[in-house]
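Dropping work.tsv in here (TSV, C-alpha atoms):
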```
chain	number	residue	atom	x	y	z
A	1	MET	CA	116.22	76.66	-36.92
A	2	GLY	CA	114.69	74.90	-39.88
A	3	LYS	CA	111.02	74.49	-40.63
A	4	VAL	CA	109.27	71.16	-40.37
A	5	LEU	CA	106.82	70.46	-43.17
A	6	VAL	CA	104.54	67.43	-43.37
A	7	VAL	CA	103.22	66.24	-46.72
A	8	THR	CA	100.00	64.44	-45.94
A	9	SER	CA	96.62	63.49	-47.44
A	10	GLY	CA	94.79	60.72	-45.64
A	11	LYS	CA	94.17	58.86	-48.86
A	12	GLY	CA	96.88	56.79	-50.50
A	13	GLY	CA	98.12	57.16	-54.05
A	14	VAL	CA	97.36	60.87	-54.44
A	15	GLY	CA	100.99	61.94	-54.79
A	16	LYS	CA	102.48	62.50	-51.33
A	17	THR	CA	105.80	60.82	-52.10
A	18	THR	CA	106.02	62.35	-55.59
A	19	SER	CA	105.30	65.78	-54.10
A	20	THR	CA	107.74	65.33	-51.22
A	21	ALA	CA	110.53	64.47	-53.66
A	22	ALA	CA	109.59	67.19	-56.16
A	23	LEU	CA	109.20	69.97	-53.57
A	24	GLY	CA	112.31	68.86	-51.67
A	25	ALA	CA	114.39	68.91	-54.84
A	26	ALA	CA	112.90	72.24	-55.94
A	27	LEU	CA	113.71	73.87	-52.59
A	28	ALA	CA	117.23	72.39	-52.63
A	29	ARG	CA	117.74	73.64	-56.19
A	30	GLY	CA	116.87	77.09	-54.89
A	31	GLY	CA	119.77	76.90	-52.45
A	32	GLU	CA	117.94	75.66	-49.36
A	33	ASN	CA	119.33	72.89	-47.20
A	34	VAL	CA	116.68	70.16	-47.32
A	35	VAL	CA	116.12	66.73	-45.79
A	36	VAL	CA	113.21	64.52	-46.81
A	37	ILE	CA	112.09	61.82	-44.35
A	38	ASP	CA	110.09	58.74	-45.20
A	39	PHE	CA	107.63	57.97	-42.38
A	40	ASP	CA	106.04	55.04	-44.20
A	41	VAL	CA	107.63	52.27	-42.15
A	42	GLY	CA	107.23	48.89	-43.81
A	43	LEU	CA	106.14	50.41	-47.13
A	44	ARG	CA	108.94	52.81	-47.84
A	45	ASN	CA	109.02	54.33	-51.30
A	46	LEU	CA	110.67	57.71	-51.07
A	47	ASP	CA	114.09	56.05	-51.54
A	48	LEU	CA	112.87	54.56	-54.84
A	49	VAL	CA	111.36	57.80	-56.13
A	50	MET	CA	114.60	59.61	-55.19
A	51	GLY	CA	116.71	56.89	-56.83
A	52	ALA	CA	118.59	56.07	-53.63
A	53	GLU	CA	117.26	52.57	-52.89
A	54	ARG	CA	120.65	50.90	-53.26
A	55	ARG	CA	122.34	53.35	-50.92
A	56	VAL	CA	120.17	52.69	-47.86
A	57	VAL	CA	122.25	51.31	-44.98
A	58	PHE	CA	120.59	52.68	-41.86
A	59	ASP	CA	117.10	54.09	-41.52
A	60	LEU	CA	114.82	56.23	-39.35
A	61	ILE	CA	114.11	53.39	-36.93
A	62	ASN	CA	117.81	52.63	-36.45
A	63	VAL	CA	118.31	56.27	-35.52
A	64	VAL	CA	115.21	56.43	-33.29
A	65	GLN	CA	116.35	53.33	-31.42
A	66	GLY	CA	119.92	54.53	-31.13
A	67	ASP	CA	121.43	51.81	-33.31
A	68	ALA	CA	122.87	54.34	-35.74
A	69	LYS	CA	123.84	57.98	-35.64
A	70	LEU	CA	121.80	60.42	-37.69
A	71	ALA	CA	124.80	61.22	-39.89
A	72	GLN	CA	125.17	57.52	-40.74
A	73	ALA	CA	121.56	57.19	-41.87
A	74	LEU	CA	121.32	60.38	-43.96
A	75	ILE	CA	121.82	59.82	-47.68
A	76	ARG	CA	123.05	62.83	-49.59
A	77	ASP	CA	121.59	63.22	-53.07
A	78	LYS	CA	124.11	62.69	-55.87
A	79	ARG	CA	122.58	65.40	-58.07
A	80	ILE	CA	122.13	68.19	-55.50
A	81	ASP	CA	124.38	68.29	-52.45
A	82	THR	CA	121.94	70.35	-50.39
A	83	LEU	CA	119.34	67.55	-50.56
A	84	SER	CA	119.36	64.58	-48.16
A	85	LEU	CA	117.12	61.60	-47.52
A	86	LEU	CA	116.35	59.81	-44.28
A	87	PRO	CA	114.75	56.53	-45.38
A	88	ALA	CA	112.15	54.47	-43.53
A	89	SER	CA	112.72	50.88	-42.56
A	90	GLN	CA	111.30	48.30	-44.93
A	91	THR	CA	111.47	45.33	-42.58
A	92	ARG	CA	110.63	46.68	-39.16
A	93	ASP	CA	107.23	47.22	-37.67
A	94	LYS	CA	105.89	50.76	-37.49
A	95	ASP	CA	105.41	50.37	-33.74
A	96	ALA	CA	109.19	50.58	-33.46
A	97	LEU	CA	108.82	54.36	-33.84
A	98	THR	CA	108.43	56.07	-30.48
A	99	ILE	CA	107.11	59.58	-29.92
A	100	GLU	CA	110.19	60.57	-27.91
A	101	GLY	CA	112.52	59.08	-30.52
A	102	VAL	CA	110.83	60.89	-33.40
A	103	ASP	CA	110.78	64.20	-31.51
A	104	LYS	CA	114.51	63.87	-30.82
A	105	VAL	CA	115.40	63.08	-34.43
A	106	ILE	CA	113.30	65.95	-35.76
A	107	ALA	CA	114.83	68.37	-33.25
A	108	GLU	CA	118.29	67.33	-34.39
A	109	LEU	CA	117.38	67.69	-38.09
A	110	ARG	CA	115.89	71.14	-37.43
A	111	GLU	CA	119.33	72.28	-36.29
A	112	LYS	CA	121.05	71.04	-39.44
A	113	PHE	CA	118.60	71.84	-42.22
A	114	ASP	CA	116.44	74.73	-43.45
A	115	TRP	CA	113.62	72.36	-44.35
A	116	VAL	CA	112.66	69.04	-42.78
A	117	ILE	CA	110.05	67.49	-45.05
A	118	CYS	CA	108.12	64.53	-43.62
A	119	ASP	CA	106.49	62.20	-46.14
A	120	SER	CA	103.45	60.86	-44.29
A	121	PRO	CA	102.06	57.37	-44.77
A	122	ALA	CA	98.44	57.12	-45.91
A	123	GLY	CA	95.73	56.69	-43.31
A	124	ILE	CA	95.00	58.43	-40.03
A	125	GLU	CA	96.78	55.98	-37.75
A	126	ARG	CA	99.93	56.18	-35.68
A	127	GLY	CA	102.33	56.56	-38.63
A	128	ALA	CA	100.45	59.55	-40.05
A	129	LEU	CA	100.17	61.12	-36.59
A	130	LEU	CA	103.90	60.74	-35.95
A	131	ALA	CA	104.67	62.30	-39.33
A	132	MET	CA	102.55	65.40	-38.61
A	133	ARG	CA	103.36	65.68	-34.90
A	134	ASN	CA	106.29	68.11	-35.09
A	135	ALA	CA	105.12	70.02	-38.17
A	136	ASP	CA	105.12	73.82	-38.38
A	137	LEU	CA	103.30	73.68	-41.66
A	138	ALA	CA	101.49	71.10	-43.74
A	139	VAL	CA	100.97	70.45	-47.41
A	140	VAL	CA	97.69	68.60	-47.91
A	141	VAL	CA	97.87	66.72	-51.20
A	142	THR	CA	94.46	66.28	-52.80
A	143	ASN	CA	93.20	64.88	-56.08
A	144	PRO	CA	90.08	66.55	-57.52
A	145	GLU	CA	88.03	63.50	-56.65
A	146	VAL	CA	85.44	62.84	-53.93
A	147	SER	CA	87.25	60.28	-51.78
A	148	SER	CA	90.48	62.26	-51.77
A	149	VAL	CA	88.70	65.49	-50.79
A	150	ARG	CA	86.83	63.74	-48.00
A	151	ASP	CA	90.03	62.22	-46.59
A	152	SER	CA	91.82	65.56	-46.85
A	153	ASP	CA	89.05	67.15	-44.80
A	154	ARG	CA	89.62	64.53	-42.13
A	155	ILE	CA	93.39	65.09	-42.16
A	156	ILE	CA	92.92	68.88	-41.87
A	157	GLY	CA	90.86	68.23	-38.74
A	158	MET	CA	93.68	66.11	-37.33
A	159	LEU	CA	96.31	68.73	-38.15
A	160	ASP	CA	94.24	71.16	-36.10
A	161	SER	CA	93.98	68.84	-33.11
A	162	LYS	CA	96.71	66.20	-33.05
A	163	THR	CA	99.90	68.13	-33.75
A	164	LEU	CA	102.22	69.54	-31.08
A	165	ARG	CA	101.41	73.05	-32.29
A	166	ALA	CA	97.68	72.42	-31.98
A	167	GLU	CA	98.14	71.01	-28.49
A	168	LYS	CA	100.00	74.17	-27.49
A	169	GLY	CA	97.20	76.28	-28.95
A	170	GLU	CA	99.38	77.51	-31.82
A	171	ARG	CA	98.48	77.67	-35.49
A	172	ILE	CA	99.73	75.19	-38.00
A	173	ASP	CA	99.89	76.60	-41.52
A	174	LYS	CA	98.02	74.35	-43.89
A	175	HIS	CA	98.40	74.54	-47.66
A	176	LEU	CA	96.42	72.75	-50.33
A	177	LEU	CA	98.27	71.12	-53.21
A	178	VAL	CA	95.88	69.87	-55.87
A	179	THR	CA	97.58	67.15	-57.91
A	180	ARG	CA	96.68	65.24	-61.08
A	181	TYR	CA	94.53	68.13	-62.24
A	182	ASP	CA	93.12	67.95	-65.74
A	183	ALA	CA	91.93	71.44	-66.70
A	184	GLY	CA	90.15	70.14	-69.79
A	185	ARG	CA	88.05	67.68	-67.84
A	186	ALA	CA	87.34	70.33	-65.18
A	187	ALA	CA	86.18	72.72	-67.91
A	188	ARG	CA	83.88	70.03	-69.27
A	189	ASN	CA	82.44	69.54	-65.76
A	190	GLU	CA	83.84	66.03	-65.57
A	191	MET	CA	86.22	66.85	-62.74
A	192	LEU	CA	85.95	68.97	-59.61
A	193	LYS	CA	87.36	72.43	-60.23
A	194	VAL	CA	90.11	73.82	-58.03
A	195	GLU	CA	87.64	76.45	-56.77
A	196	ASP	CA	85.26	73.69	-55.67
A	197	VAL	CA	87.97	71.89	-53.73
A	198	LEU	CA	89.15	75.17	-52.20
A	199	GLU	CA	85.64	76.12	-51.16
A	200	ILE	CA	85.04	72.76	-49.54
A	201	LEU	CA	88.35	72.48	-47.69
A	202	SER	CA	88.86	76.22	-46.98
A	203	ILE	CA	92.65	76.22	-46.68
A	204	PRO	CA	94.93	78.38	-48.85
A	205	LEU	CA	96.12	77.05	-52.18
A	206	LEU	CA	99.81	76.22	-52.57
A	207	GLY	CA	99.63	75.03	-56.14
A	208	ILE	CA	97.93	73.07	-58.88
A	209	ILE	CA	99.96	70.23	-60.33
A	210	PRO	CA	98.60	69.22	-63.73
A	211	GLU	CA	98.30	65.58	-64.68
A	212	SER	CA	101.55	64.84	-66.47
A	213	GLU	CA	103.23	61.82	-68.03
A	214	GLU	CA	106.55	63.19	-66.85
A	215	VAL	CA	105.75	62.22	-63.26
A	216	LEU	CA	105.71	58.49	-64.04
A	217	LYS	CA	108.75	58.80	-66.31
A	218	ALA	CA	110.69	60.45	-63.50
A	219	SER	CA	109.73	57.82	-60.93
A	220	ASN	CA	110.63	55.07	-63.41
A	221	ILE	CA	114.22	56.21	-63.38
A	222	GLY	CA	114.33	57.32	-59.74
A	223	SER	CA	114.47	61.07	-59.96
A	224	PRO	CA	112.24	63.82	-58.56
A	225	VAL	CA	110.28	65.17	-61.53
A	226	THR	CA	111.63	68.67	-60.82
A	227	LEU	CA	115.17	67.39	-61.49
A	228	ASN	CA	114.41	64.94	-64.25
A	229	ASN	CA	112.54	67.41	-66.43
A	230	PRO	CA	112.47	70.89	-64.90
A	231	ASN	CA	110.47	72.23	-67.84
A	232	ALA	CA	107.57	69.79	-67.61
A	233	SER	CA	104.27	71.43	-66.68
A	234	ALA	CA	104.16	69.51	-63.39
A	235	SER	CA	107.74	70.53	-62.55
A	236	ARG	CA	107.07	74.19	-63.20
A	237	ALA	CA	104.05	73.99	-60.90
A	238	TYR	CA	106.18	72.32	-58.20
A	239	PHE	CA	108.88	75.00	-58.53
A	240	ASP	CA	106.24	77.71	-58.11
A	241	ALA	CA	104.80	75.88	-55.09
A	242	ALA	CA	108.28	75.63	-53.54
A	243	ARG	CA	108.77	79.38	-53.96
A	244	ARG	CA	105.43	80.02	-52.28
A	245	LEU	CA	106.52	77.83	-49.38
A	246	LYS	CA	109.53	80.11	-48.97
A	247	GLY	CA	107.13	83.04	-48.79
A	248	ASP	CA	107.60	84.42	-52.30
A	249	LYS	CA	104.53	85.88	-53.95
A	250	VAL	CA	103.93	83.83	-57.07
A	251	ASP	CA	100.61	83.96	-58.86
A	252	VAL	CA	98.88	80.61	-59.17
A	253	VAL	CA	98.61	79.58	-62.78
A	254	VAL	CA	95.59	77.44	-63.48
A	255	PRO	CA	96.80	74.86	-65.99
A	256	MET	CA	95.56	75.64	-69.49
A	257	GLN	CA	92.76	73.70	-70.98
A	258	ARG	CA	94.01	71.46	-73.73
A	259	PRO	CA	93.75	73.03	-77.19
A	260	GLY	CA	91.08	72.05	-79.70
A	261	LEU	CA	91.08	69.29	-82.27
A	262	ILE	CA	94.80	69.21	-83.03
A	263	GLY	CA	95.56	69.30	-79.34
A	264	ARG	CA	93.12	66.50	-78.73
A	265	LEU	CA	94.70	64.36	-81.42
A	266	PHE	CA	98.20	64.92	-80.15
A	267	GLY	CA	97.25	65.92	-76.62
A	268	ARG	CA	98.35	62.63	-75.10
A	269	ARG	CA	101.95	63.63	-75.71
A	270	VAL	CA	101.68	66.98	-73.98
A	271	ALA	CA	103.98	66.98	-70.96
B	1	MET	CA	71.17	55.91	-74.45
B	2	ASN	CA	69.43	58.86	-76.01
B	3	LEU	CA	70.91	62.27	-76.67
B	4	LEU	CA	69.36	63.84	-73.60
B	5	GLU	CA	70.93	61.23	-71.32
B	6	MET	CA	74.33	61.78	-72.92
B	7	PHE	CA	74.22	65.45	-72.08
B	8	ARG	CA	72.89	64.89	-68.61
B	9	LYS	CA	75.59	62.38	-67.74
B	10	LYS	CA	78.41	64.72	-68.68
B	11	ASN	CA	78.03	67.11	-65.79
B	12	THR	CA	79.25	64.87	-63.04
B	13	ALA	CA	81.52	67.36	-61.28
B	14	PRO	CA	78.68	69.47	-59.81
B	15	VAL	CA	77.17	66.26	-58.45
B	16	ALA	CA	80.49	65.43	-56.80
B	17	ARG	CA	80.68	68.90	-55.27
B	18	ASP	CA	77.15	68.74	-53.88
B	19	ARG	CA	77.64	65.25	-52.46
B	20	LEU	CA	80.84	66.33	-50.76
B	21	GLN	CA	79.30	69.44	-49.28
B	22	VAL	CA	76.38	67.55	-47.80
B	23	MET	CA	78.51	64.70	-46.51
B	24	LEU	CA	81.26	66.85	-45.01
B	25	ALA	CA	78.76	69.11	-43.26
B	26	HIS	CA	77.52	65.99	-41.53
B	27	GLU	CA	80.93	64.42	-40.87
B	28	ARG	CA	82.40	67.58	-39.45
B	29	SER	CA	79.54	67.86	-37.00
B	30	VAL	CA	80.00	64.28	-35.83
B	31	ILE	CA	83.78	63.77	-35.96
B	32	GLY	CA	84.70	67.34	-35.13
B	33	LYS	CA	82.62	67.22	-31.98
B	34	SER	CA	85.31	67.86	-29.43
B	35	ASP	CA	85.06	67.83	-25.66
B	36	LEU	CA	84.51	71.57	-25.89
B	37	LEU	CA	81.36	71.09	-27.95
B	38	ALA	CA	80.09	68.35	-25.65
B	39	THR	CA	80.66	70.61	-22.63
B	40	LEU	CA	78.97	73.55	-24.35
B	41	GLN	CA	76.00	71.38	-25.26
B	42	GLU	CA	75.59	70.21	-21.66
B	43	GLU	CA	75.88	73.69	-20.16
B	44	ILE	CA	73.65	75.40	-22.69
B	45	LEU	CA	71.09	72.67	-22.17
B	46	ALA	CA	71.28	73.26	-18.41
B	47	VAL	CA	70.72	77.00	-18.80
B	48	ILE	CA	67.72	76.50	-21.08
B	49	ALA	CA	66.29	73.82	-18.83
B	50	LYS	CA	66.15	76.38	-15.98
B	51	HIS	CA	63.50	78.33	-17.87
B	52	VAL	CA	61.85	75.97	-20.34
B	53	THR	CA	61.42	72.27	-20.60
B	54	VAL	CA	63.27	71.11	-23.69
B	55	ASP	CA	64.17	67.76	-25.06
B	56	ARG	CA	67.86	66.77	-24.88
B	57	ASP	CA	67.92	66.32	-28.64
B	58	ALA	CA	66.45	69.78	-29.15
B	59	VAL	CA	69.83	71.45	-28.60
B	60	GLN	CA	72.24	70.99	-31.52
B	61	ILE	CA	75.69	72.50	-31.58
B	62	LYS	CA	77.79	72.64	-34.72
B	63	LEU	CA	81.26	74.04	-35.36
B	64	ASP	CA	81.90	75.00	-38.98
B	65	ARG	CA	85.45	75.59	-40.07
B	66	GLY	CA	86.00	78.61	-42.30
B	67	ALA	CA	89.02	80.22	-43.97
B	68	SER	CA	89.50	83.11	-41.54
B	69	PHE	CA	86.99	82.26	-38.80
B	70	SER	CA	84.84	79.41	-37.71
B	71	THR	CA	81.17	79.57	-36.91
B	72	LEU	CA	79.61	78.13	-33.80
B	73	GLU	CA	76.01	77.37	-34.55
B	74	ILE	CA	73.65	76.75	-31.68
B	75	ASP	CA	70.30	75.43	-32.74
B	76	VAL	CA	67.61	75.21	-30.08
B	77	GLU	CA	64.20	73.87	-30.84
B	78	VAL	CA	61.74	75.33	-28.37
B	79	PRO	CA	58.28	73.80	-28.01
B	80	LEU	CA	55.33	75.85	-29.32
B	81	ASP	CA	53.66	76.37	-25.95
B	82	VAL	CA	56.79	78.08	-24.67
B	83	ALA	CA	55.13	81.49	-24.93
B	84	LYS	CA	53.21	80.74	-21.75
B	85	THR	CA	56.29	79.92	-19.74
B	86	VAL	CA	58.55	82.71	-21.00
B	87	ARG	CA	58.69	85.75	-18.76
B	88	PRO	CA	57.12	88.97	-20.09
B	89	GLY	CA	59.53	91.18	-22.00
B	90	ASP	CA	61.39	88.20	-23.42
B	91	LYS	CA	61.10	87.47	-27.07
B	92	ALA	CA	58.39	84.87	-27.10
B	93	GLY	CA	57.71	82.16	-29.59
B	94	ALA	CA	61.10	82.22	-31.24
B	95	ASP	CA	61.65	78.69	-32.31
B	96	LYS	CA	65.21	78.96	-33.49
B	97	ALA	CA	68.21	80.58	-31.87
B	98	ALA	CA	70.64	82.46	-34.05
B	99	GLY	CA	74.19	81.43	-34.86
B	100	VAL	CA	76.98	83.02	-32.90
B	101	ALA	CA	80.31	83.72	-34.52
B	102	ALA	CA	83.35	82.72	-32.58
B	103	SER	CA	86.91	83.23	-33.68
B	104	ALA	CA	89.04	80.14	-33.94
```

Whole structure, structure tokens version:
Amino acid sequence: MGKVLVVTSGKGGVGKTTSTAALGAALARGGENVVVIDFDVGLRNLDLVMGAERRVVFDLINVVQGDAKLAQALIRDKRIDTLSLLPASQTRDKDALTIEGVDKVIAELREKFDWVICDSPAGIERGALLAMRNADLAVVVTNPEVSSVRDSDRIIGMLDSKTLRAEKGERIDKHLLVTRYDAGRAARNEMLKVEDVLEILSIPLLGIIPESEEVLKASNIGSPVTLNNPNASASRAYFDAARRLKGDKVDVVVPMQRPGLIGRLFGRRVA
Amino acid sequence: MNLLEMFRKKNTAPVARDRLQVMLAHERSVIGKSDLLATLQEEILAVIAKHVTVDRDAVQIKLDRGASFSTLEIDVEVPLDVAKTVRPGDKAGADKAAGVAASA
């Protein structure tokens, strides 16, 4: 029986899809059997970030409505054969997703994969609720910025009340993933520190992903950053986070503050 | 902009933290108010009303989420002249009730 993980945040643009792809690829690289699902019906993007946009034939809604079999809709990654994608529909309405249909698809995926990673749409509406519904654990993606932290707080409250586990009175493991972190700015008191975010949200830390140019480069060419440049600072942080998800004890490395003058002059090129 | 202002403007992160803490304390108390809290508020109010006359708004219940446990805070404002109505032996004149820890 695989684990169901939801990558969520409330706020848009904080890195849910990037993190879904990067963590999914990192887990698959480590030998796990992984499927990533795009729940953002109408605004799908995971296929693009994974570089599979031209291979989409059937999607989540086709499977939910019984128009296609699960095996027909799953797209196996060309780089890692233990990584698969279940894309969202770009044309259909999100109301086409039914609770029963989603539950059935997730149950089927649980049988086949070690990890079922659900990429949640932004917001706190139906799409986000369906994405988190079956989750055993959640990764809450947060930028060190006021609106993102506030929305994450709201999403944490929903994870504790609107998921199947919460309804049954069971715990859902929640993990904080701080993305786009700039240690230099945090040190200069221009950005919330990880400790501040942790204190406010009070859920355990999964990782700190430093701001990195490699993330955009990877999405430009349609590859999870962890595959495109495994040695980039962001990729290393994602690999560590993936190992923590598996239960390994890996110390959290707070990204280093940028070096002094020379670093400042050339710092823009630091990956 | 003078030098002093330049230095003052730099430390924006602590401002962000403080604003978030104040705002989330408020939002959690409003949004997080579940049926359980509403029920508790009603029943606690009923118990207090048996002994003292209190305003409906004088009973505030707040659930604060923590890392390992959550805190249920019950705040009861009791009018000053309560000492006369409280039975002997009871702690008189206490105007605030203490918080009670509840595991979550």

- request: Quick one: everything within 6 Å of segment 236-249 of chain A, counting only C-alpha atoms, minus sequence neighbours fewer than 4 positions away in the same chain. Send it as a PyMOL selection string.
  value: chain A and resi 23+26-27+206-207+209

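Using all atoms listed in the file, the shortest contact distance between His26 of chain B and any of B:Ala58, B:Asp64, B:Ala38, B:Ile44 is found at B:Asp64.
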
Can you write out as CSV which residues of chain A fall within 8 Å of chain B, alongside each residue's closest atom pair and its distance in Å to one decimal, counting all atoms listed in the file and ordering rows by chain and ascending residue number?
```
residue,atom,partner,partner_atom,distance
A:Glu145,CA,B:Ala16,CA,7.8
A:Val146,CA,B:Ala16,CA,6.3
A:Val149,CA,B:Leu20,CA,7.9
A:Arg150,CA,B:Leu24,CA,7.0
A:Asp153,CA,B:Leu24,CA,7.8
A:Gly157,CA,B:Gly32,CA,7.2
A:Ala186,CA,B:Ala13,CA,7.6
A:Arg188,CA,B:Asn11,CA,7.4
A:Asn189,CA,B:Asn11,CA,5.0
A:Glu190,CA,B:Ala13,CA,5.1
A:Met191,CA,B:Ala13,CA,4.9
A:Leu192,CA,B:Ala13,CA,5.0
A:Lys193,CA,B:Ala13,CA,7.8
A:Asp196,CA,B:Arg17,CA,6.6
A:Ile200,CA,B:Gln21,CA,6.6
A:Ser202,CA,B:Ala67,CA,5.0
A:Ile203,CA,B:Ala67,CA,6.0
A:Pro204,CA,B:Ala67,CA,7.9
```

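From atom CA of Leu45 of chain B back to atom CA of Val30 of chain B, the distance works out to 18.3 Å.
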
task: Calculate how many Å separate atom CA of Val22 of chain B from atom CA of Val254 of chain A, rounding to one decimal.
output: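 The value is 26.7 Å.
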
message: With all atoms listed in the file as the counted atoms, please give the residues lying no more than 12 Å from Leu130 of chain A, apart from itself and same-chain residues fewer than 5 positions off, as a ChimeraX atom specification.
response: /A:6,8,37-41,94-103,105-106,118-125,135,158-159,162-164

task: Work out how far apart atom CA of Pro224 of chain A and atom CA of Ser152 of chain A are and give it in Å to one decimal.
output: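 Interatomic distance here is 23.6 Å.
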
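The shortest atom-to-atom distance to Arg56 of chain B, with all atoms listed in the file taken into account, belongs to B:Asp75 out of B:Phe69, B:Ser29, B:Leu80, B:Asp75.
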
- request: Return the single residue from A:Trp115, A:Asn143, A:Ala234, A:Arg126 that is closest to Gly24 of chain A, with distances computed using all atoms listed in the file.
  value: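 Under the stated criterion, the closest residue is A:Trp115.
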
- prompt: Between A:Ile221, A:Leu205, A:Leu177, A:Ala131, which is the closest to Asp251 of chain A once you count all atoms listed in the file?
  reply: A:Leu205

Pick from A:Lys11, A:Arg154, A:Arg54, A:Arg133 nearest to Gly222 of chain A, counting all atoms listed in the file: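 Nearest candidate to Gly222 of chain A out of A:Lys11, A:Arg154, A:Arg54, A:Arg133: A:Arg54.
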
- prompt: Contacts of Tyr181 of chain A at 7 Å or less, counting all atoms listed in the file, minus same-chain residues fewer than 6 places along, as a ChimeraX atom specification?
  reply: /A:144,208-211

query: Using all atoms listed in the file, which residue out of A:Lys104, A:Lys3, A:Lys69, A:Arg180 lies closest to Asp136 of chain A?
result: A:Lys3
